[in-house]
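**Student:** Pasting structure08.cif below, which is mmCIF, C-alpha atoms.
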```
data_upload
loop_
_atom_site.label_atom_id
_atom_site.label_comp_id
_atom_site.auth_asym_id
_atom_site.auth_seq_id
_atom_site.Cartn_x
_atom_site.Cartn_y
_atom_site.Cartn_z
CA MET A 136 -11.41 -8.01 12.46
CA GLY A 137 -11.89 -5.94 9.43
CA VAL A 138 -10.32 -3.96 6.66
CA ARG A 139 -12.15 -1.08 5.02
CA ILE A 140 -11.19 1.31 2.25
CA GLN A 141 -13.50 4.29 1.94
CA THR A 142 -13.68 7.89 0.79
CA LYS A 143 -15.67 9.09 3.80
CA ASP A 144 -14.23 10.08 7.17
CA PHE A 145 -14.21 7.74 10.17
CA ASP A 146 -15.13 8.19 13.83
CA ALA A 147 -12.41 6.51 15.90
CA GLY A 148 -14.55 6.56 19.07
CA ALA A 149 -17.46 4.84 17.38
CA GLU A 150 -15.16 2.28 15.74
CA ILE A 151 -13.48 1.45 19.05
CA ALA A 152 -16.84 1.14 20.82
CA ALA A 153 -18.07 -1.25 18.11
CA LEU A 154 -14.92 -3.35 18.37
CA ARG A 155 -15.13 -3.58 22.17
CA ARG A 156 -18.87 -4.24 22.34
CA GLY A 157 -19.73 -7.45 24.19
CA ASN A 158 -16.16 -8.44 24.97
CA PRO A 159 -15.26 -7.94 28.66
CA LYS A 160 -12.00 -9.83 28.14
CA ILE A 161 -10.48 -6.81 26.39
CA GLY A 162 -8.06 -5.00 28.70
CA ALA A 163 -6.22 -2.85 26.17
CA VAL A 164 -7.01 -0.90 23.02
CA ALA A 165 -4.10 0.44 20.96
CA THR A 166 -4.93 2.85 18.16
CA PHE A 167 -3.09 4.77 15.48
CA ILE A 168 -4.57 7.60 13.41
CA GLY A 169 -2.63 9.02 10.46
CA ILE A 170 -3.49 12.60 9.53
CA CYS A 171 -2.87 14.72 6.43
CA ARG A 172 -0.30 17.46 7.25
CA ASP A 173 -0.14 20.93 5.71
CA THR A 174 3.56 20.59 4.84
CA ASN A 175 5.81 17.86 3.48
CA ASP A 176 9.54 18.09 2.76
CA GLY A 177 9.43 21.81 3.50
CA THR A 178 6.67 22.60 1.02
CA ALA A 179 3.11 23.65 1.78
CA VAL A 180 0.49 21.02 0.93
CA THR A 181 -2.98 22.30 0.09
CA LYS A 182 -4.63 19.03 -0.92
CA MET A 183 -3.83 15.36 -1.30
CA THR A 184 -5.26 12.60 -3.47
CA LEU A 185 -4.94 9.00 -2.38
CA GLU A 186 -5.04 6.29 -5.01
CA HIS A 187 -5.17 2.51 -4.48
CA TYR A 188 -5.21 -0.71 -6.47
CA PRO A 189 -8.72 -2.09 -5.90
CA GLY A 190 -8.64 -5.73 -4.90
CA MET A 191 -4.94 -5.97 -4.21
CA THR A 192 -5.04 -3.29 -1.53
CA GLU A 193 -7.77 -5.06 0.43
CA ASN A 194 -5.94 -8.39 0.09
CA ALA A 195 -2.63 -6.88 1.19
CA LEU A 196 -4.24 -5.33 4.28
CA GLU A 197 -6.05 -8.59 5.16
CA LYS A 198 -2.72 -10.40 4.96
CA ILE A 199 -0.96 -7.86 7.19
CA VAL A 200 -3.76 -8.12 9.78
CA ALA A 201 -3.63 -11.93 9.65
CA GLU A 202 0.13 -11.86 10.21
CA ALA A 203 -0.24 -9.49 13.15
CA LYS A 204 -2.86 -11.77 14.72
CA ALA A 205 -0.58 -14.76 14.24
CA ARG A 206 2.44 -13.02 15.80
CA TRP A 207 0.83 -11.28 18.77
CA ASP A 208 -1.80 -12.34 21.29
CA VAL A 209 -4.45 -9.81 20.30
CA MET A 210 -8.22 -10.03 19.87
CA GLU A 211 -9.81 -7.72 17.31
CA VAL A 212 -8.10 -5.68 14.61
CA LEU A 213 -9.63 -2.94 12.46
CA VAL A 214 -7.93 -1.04 9.64
CA VAL A 215 -9.77 1.82 7.89
CA HIS A 216 -7.92 3.65 5.10
CA ARG A 217 -9.38 6.55 3.16
CA ILE A 218 -8.91 7.20 -0.56
CA GLY A 219 -9.72 10.16 -2.79
CA GLU A 220 -9.23 13.83 -2.01
CA LEU A 221 -8.07 14.87 1.45
CA LYS A 222 -7.17 18.23 2.94
CA PRO A 223 -4.69 19.10 5.69
CA ALA A 224 -5.99 17.98 9.12
CA ASP A 225 -8.17 15.29 7.51
CA GLN A 226 -7.82 11.78 8.90
CA ILE A 227 -6.21 9.26 6.51
CA VAL A 228 -5.89 5.94 8.30
CA LEU A 229 -7.13 4.26 11.48
CA VAL A 230 -5.70 1.12 13.07
CA VAL A 231 -7.34 -0.32 16.18
CA VAL A 232 -6.04 -3.39 17.99
CA THR A 233 -7.70 -4.86 21.07
CA GLY A 234 -6.20 -7.40 23.42
CA ALA A 235 -5.89 -8.47 27.02
CA HIS A 236 -2.74 -6.43 27.66
CA ARG A 237 -1.11 -3.32 26.21
CA GLY A 238 2.26 -4.76 25.16
CA GLU A 239 0.90 -7.09 22.50
CA ALA A 240 -1.67 -4.54 21.33
CA PHE A 241 0.95 -1.76 20.95
CA ALA A 242 3.34 -4.03 19.05
CA ALA A 243 0.67 -5.39 16.69
CA CYS A 244 -0.58 -1.84 15.97
CA GLU A 245 2.91 -0.58 15.15
CA PHE A 246 3.67 -3.63 13.01
CA ILE A 247 0.46 -3.15 11.02
CA MET A 248 1.30 0.49 10.30
CA ASP A 249 4.92 -0.26 9.33
CA TYR A 250 3.81 -2.99 6.93
CA LEU A 251 0.91 -0.92 5.58
CA LYS A 252 3.35 1.88 4.72
CA THR A 253 5.60 -0.44 2.70
CA ARG A 254 3.32 -3.22 1.40
CA ALA A 255 -0.20 -1.94 0.86
CA PRO A 256 -0.67 -0.40 -2.59
CA PHE A 257 -1.67 3.19 -1.86
CA TRP A 258 -0.10 6.27 -3.45
CA LYS A 259 -0.31 9.91 -2.40
CA LYS A 260 -0.28 12.85 -4.78
CA GLU A 261 0.10 16.27 -3.17
CA GLU A 262 -1.02 19.66 -4.42
CA THR A 263 1.56 22.33 -3.57
CA PRO A 264 1.94 26.00 -4.58
CA GLN A 265 4.52 24.75 -7.12
CA GLY A 266 2.10 22.24 -8.62
CA ALA A 267 1.12 18.61 -8.07
CA ARG A 268 3.70 15.97 -7.11
CA TRP A 269 3.65 12.29 -6.24
CA VAL A 270 4.98 11.55 -2.77
CA GLU A 271 8.26 9.61 -2.87
CA ALA A 272 8.65 6.46 -0.77
CA ARG A 273 10.94 7.00 2.23
CA ALA A 274 13.89 4.79 3.13
CA SER A 275 12.98 5.30 6.81
CA ASP A 276 9.66 3.51 6.16
CA ASP A 277 11.53 0.51 4.71
CA GLU A 278 13.82 0.48 7.75
CA ALA A 279 10.82 0.64 10.10
CA ALA A 280 9.28 -2.38 8.37
CA GLN A 281 12.54 -4.32 8.30
CA ARG A 282 12.87 -4.38 12.07
CA TRP A 283 9.91 -6.79 12.19
CA GLU A 284 11.56 -9.26 9.83
CA PRO A 285 12.92 -12.41 11.40
CA PRO A 286 16.72 -12.18 11.73
CA LYS A 287 18.41 -13.65 8.68
CA SER A 288 21.29 -16.06 9.07
CA SER A 289 24.49 -14.25 8.21
CA ALA A 290 25.89 -15.17 4.81
CA ALA A 291 29.16 -13.38 5.36
CA MET B 283 -1.20 -15.49 -25.03
CA LYS B 284 -3.57 -12.86 -23.70
CA ILE B 285 -2.69 -10.90 -20.56
CA LYS B 286 -3.93 -7.77 -18.83
CA VAL B 287 -1.45 -5.06 -17.84
CA VAL B 288 -2.23 -2.34 -15.29
CA TYR B 289 -0.30 0.91 -14.69
CA LEU B 290 -0.83 2.81 -11.46
CA ALA B 291 -0.13 6.20 -9.87
CA SER B 292 2.82 8.19 -11.30
CA LEU B 293 3.58 5.42 -13.80
CA ARG B 294 0.05 5.68 -15.24
CA GLU B 295 0.58 9.43 -15.74
CA GLN B 296 4.00 8.98 -17.34
CA LEU B 297 2.68 6.34 -19.74
CA GLY B 298 -0.65 8.07 -20.38
CA LYS B 299 -2.49 4.79 -19.89
CA SER B 300 -4.16 2.98 -16.97
CA GLY B 301 -3.91 -0.44 -18.54
CA GLU B 302 -4.29 -2.55 -21.65
CA ASP B 303 -5.07 -6.04 -22.86
CA LEU B 304 -2.07 -7.50 -24.65
CA GLU B 305 -1.49 -10.47 -26.89
CA ILE B 306 2.11 -11.53 -26.32
CA SER B 307 4.32 -14.39 -27.40
CA PRO B 308 4.54 -17.29 -24.93
CA ALA B 309 8.30 -16.66 -25.15
CA THR B 310 7.70 -13.66 -22.87
CA SER B 311 7.33 -15.89 -19.86
CA THR B 312 8.42 -13.70 -16.93
CA VAL B 313 7.83 -10.28 -15.40
CA ALA B 314 11.32 -9.22 -16.54
CA GLY B 315 10.51 -10.34 -20.09
CA LEU B 316 7.29 -8.35 -20.13
CA ARG B 317 9.08 -5.28 -18.80
CA ALA B 318 11.68 -5.55 -21.57
CA LEU B 319 8.91 -5.95 -24.16
CA LEU B 320 7.17 -2.78 -22.95
CA MET B 321 10.46 -0.84 -22.77
CA ALA B 322 11.10 -1.68 -26.42
CA ARG B 323 8.20 0.66 -27.29
CA GLY B 324 10.68 3.48 -26.64
CA GLY B 325 9.93 7.02 -25.42
CA ALA B 326 8.16 7.23 -22.08
CA TRP B 327 8.01 3.41 -21.94
CA GLN B 328 11.76 3.09 -22.19
CA ALA B 329 12.33 5.88 -19.66
CA SER B 330 9.70 4.96 -17.06
CA LEU B 331 10.34 1.22 -17.03
CA ALA B 332 14.16 1.45 -17.25
CA GLN B 333 16.22 -0.69 -14.91
CA GLY B 334 17.23 1.36 -11.92
CA ARG B 335 13.85 3.09 -11.73
CA ALA B 336 12.17 2.17 -8.45
CA LEU B 337 9.32 0.01 -9.68
CA ARG B 338 7.13 -2.66 -8.13
CA VAL B 339 5.27 -5.39 -9.98
CA ALA B 340 2.30 -7.52 -8.94
CA VAL B 341 1.06 -10.63 -10.75
CA ASN B 342 -2.60 -11.39 -10.10
CA GLN B 343 -2.49 -8.81 -7.28
CA GLU B 344 0.37 -10.49 -5.42
CA MET B 345 3.79 -8.82 -5.18
CA ALA B 346 6.10 -10.33 -7.80
CA GLN B 347 9.78 -10.49 -8.69
CA PRO B 348 11.53 -10.19 -12.10
CA ALA B 349 11.61 -13.99 -12.39
CA THR B 350 7.91 -14.45 -11.53
CA PRO B 351 6.22 -16.37 -14.38
CA VAL B 352 3.62 -14.70 -16.61
CA LYS B 353 0.86 -17.04 -17.76
CA PRO B 354 -2.19 -16.67 -20.04
CA GLY B 355 -4.94 -14.62 -18.40
CA ASP B 356 -2.65 -13.06 -15.78
CA GLU B 357 -3.07 -9.50 -14.57
CA ILE B 358 0.32 -7.81 -14.27
CA ALA B 359 0.50 -4.43 -12.54
CA PHE B 360 3.42 -2.00 -12.63
CA PHE B 361 3.58 0.76 -10.01
CA PRO B 362 5.99 2.91 -7.98
CA PRO B 363 6.90 2.13 -4.34
CA VAL B 364 3.82 2.61 -2.15
CA THR B 365 3.19 5.72 -0.05
CA GLY B 366 -0.03 5.16 1.92
CA GLY B 367 -0.73 5.55 5.59
#
```
Produce structure tokens that represent the structure in this file.
**Tutor:**
Amino acid sequence: MGVRIQTKDFDAGAEIAALRRGNPKIGAVATFIGICRDTNDGTAVTKMTLEHYPGMTENALEKIVAEAKARWDVMEVLVVHRIGELKPADQIVLVVVTGAHRGEAFAACEFIMDYLKTRAPFWKKEETPQGARWVEARASDDEAAQRWEPPKSSAA
Amino acid sequence: MKIKVVYLASLREQLGKSGEDLEISPATSTVAGLRALLMARGGAWQASLAQGRALRVAVNQEMAQPATPVKPGDEIAFFPPVTGG
């Protein structure tokens, strides 16, 4: 299990191999890789800068990983998130979850990404032909995270 | 009491400041109180911290609510909704 924030790129194959090494009980590896796109909201994006809140970001990610491990029967979890300047087609984030079976690994991986998008303090600033702009949070990301919340008792 | 305030991302740019050490009255005992105190500076402070603006607050690097207490030595961070991943 690990959480890393770094400016340099990552090699998903090498990370997966390291996570699997010496553990023949692993039967499934679920991964997610987020990539910088060349357009957003209909505008060309030439560059992106990712900012974080040192200390809090690591803690928030550790907490998300711990919750995923508590909720699903998975083995190892790795989250690598890049910061600094990125260009279109650059990798931004890697989530790897290993487990005995795919169902738990898929669910934990998706949960981690949905929570990362709404709870981990990162911010993206895009360079566009019209100038720089901060990326706005999306309601669809909040909705994606909410589906993992335990059902609340109805007050109405 | 002495506290540390941190401003991040678009908020840092709007306020022209990444953070500051403040000496505040113990009467300012919550996140909401601190926000009101900062808004009273007027200008960009009033506009960027206004109620209704999507804003998140962390106290000692844990997500906080308006009623979260502010104590001596705390680090309070103001920032917009997150957009990583």
**Student:** Enumerate as a PyMOL selection string the residues belonging to chain A that approach chain B to within 12 Å, with all atoms listed in the file taken into account.
**Tutor:** chain A and resi 140+167-171+183-196+198+214-219+226-230+245+247-261+267-277
**Student:** B:Ser307: which residues within 10 Å, counting only C-alpha atoms, same-chain residues fewer than 4 positions away excluded, as a PyMOL selection string?
**Tutor:** chain B and resi 283-284+311+316
**Student:** Go through B:Ile306, B:Ala322, B:Val287, B:Ala314 and flag the residue nearest B:Pro348, using only C-alpha atoms for the distances.
**Tutor:**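 Smallest separation from B:Pro348 among the options: B:Ala314.
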**Student:** Separation of atom CA of A:Val209 and atom CA of A:Leu154, in Å?
**Tutor:**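 Separation between atom CA of A:Val209 and atom CA of A:Leu154: 12.5 Å.
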**Student:** Of the candidates B:Val339, B:Glu305, B:Gln333, B:Ala349, which shows the shortest atom-to-atom distance to B:Ala318, using all atoms listed in the file?
**Tutor:**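 Ranking B:Val339, B:Glu305, B:Gln333, B:Ala349 by distance to B:Ala318, first place goes to B:Gln333.
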**Student:** Would you mind listing what lies within 8 Å of stretch 203-206 of chain A as a PDB file with C-alpha atoms, in the frame of the given file, with all atoms listed in the file counted and same-chain residues fewer than 4 positions away left out?
**Tutor:**
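around-v9.pdb, written as the output of this step:
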```pdb
ATOM      1  CA  ILE A 199      -0.960  -7.860   7.190  1.00  0.00           C
ATOM      2  CA  MET A 210      -8.220 -10.030  19.870  1.00  0.00           C
ATOM      3  CA  ALA A 243       0.670  -5.390  16.690  1.00  0.00           C
ATOM      4  CA  PHE A 246       3.670  -3.630  13.010  1.00  0.00           C
ATOM      5  CA  ILE A 247       0.460  -3.150  11.020  1.00  0.00           C
TER       6      ILE A 247
END
```
**Student:** Could you tell me how far atom CA of A:Gly177 lies from atom CA of A:Gln265, in Å and to one decimal?
**Tutor:** 12.1 Å
**Student:** With all atoms listed in the file as the atoms that count, which of B:Gly334, B:Gly324, B:Gly315, B:Pro308 lies nearest to B:Gly355?
**Tutor:** B:Pro308
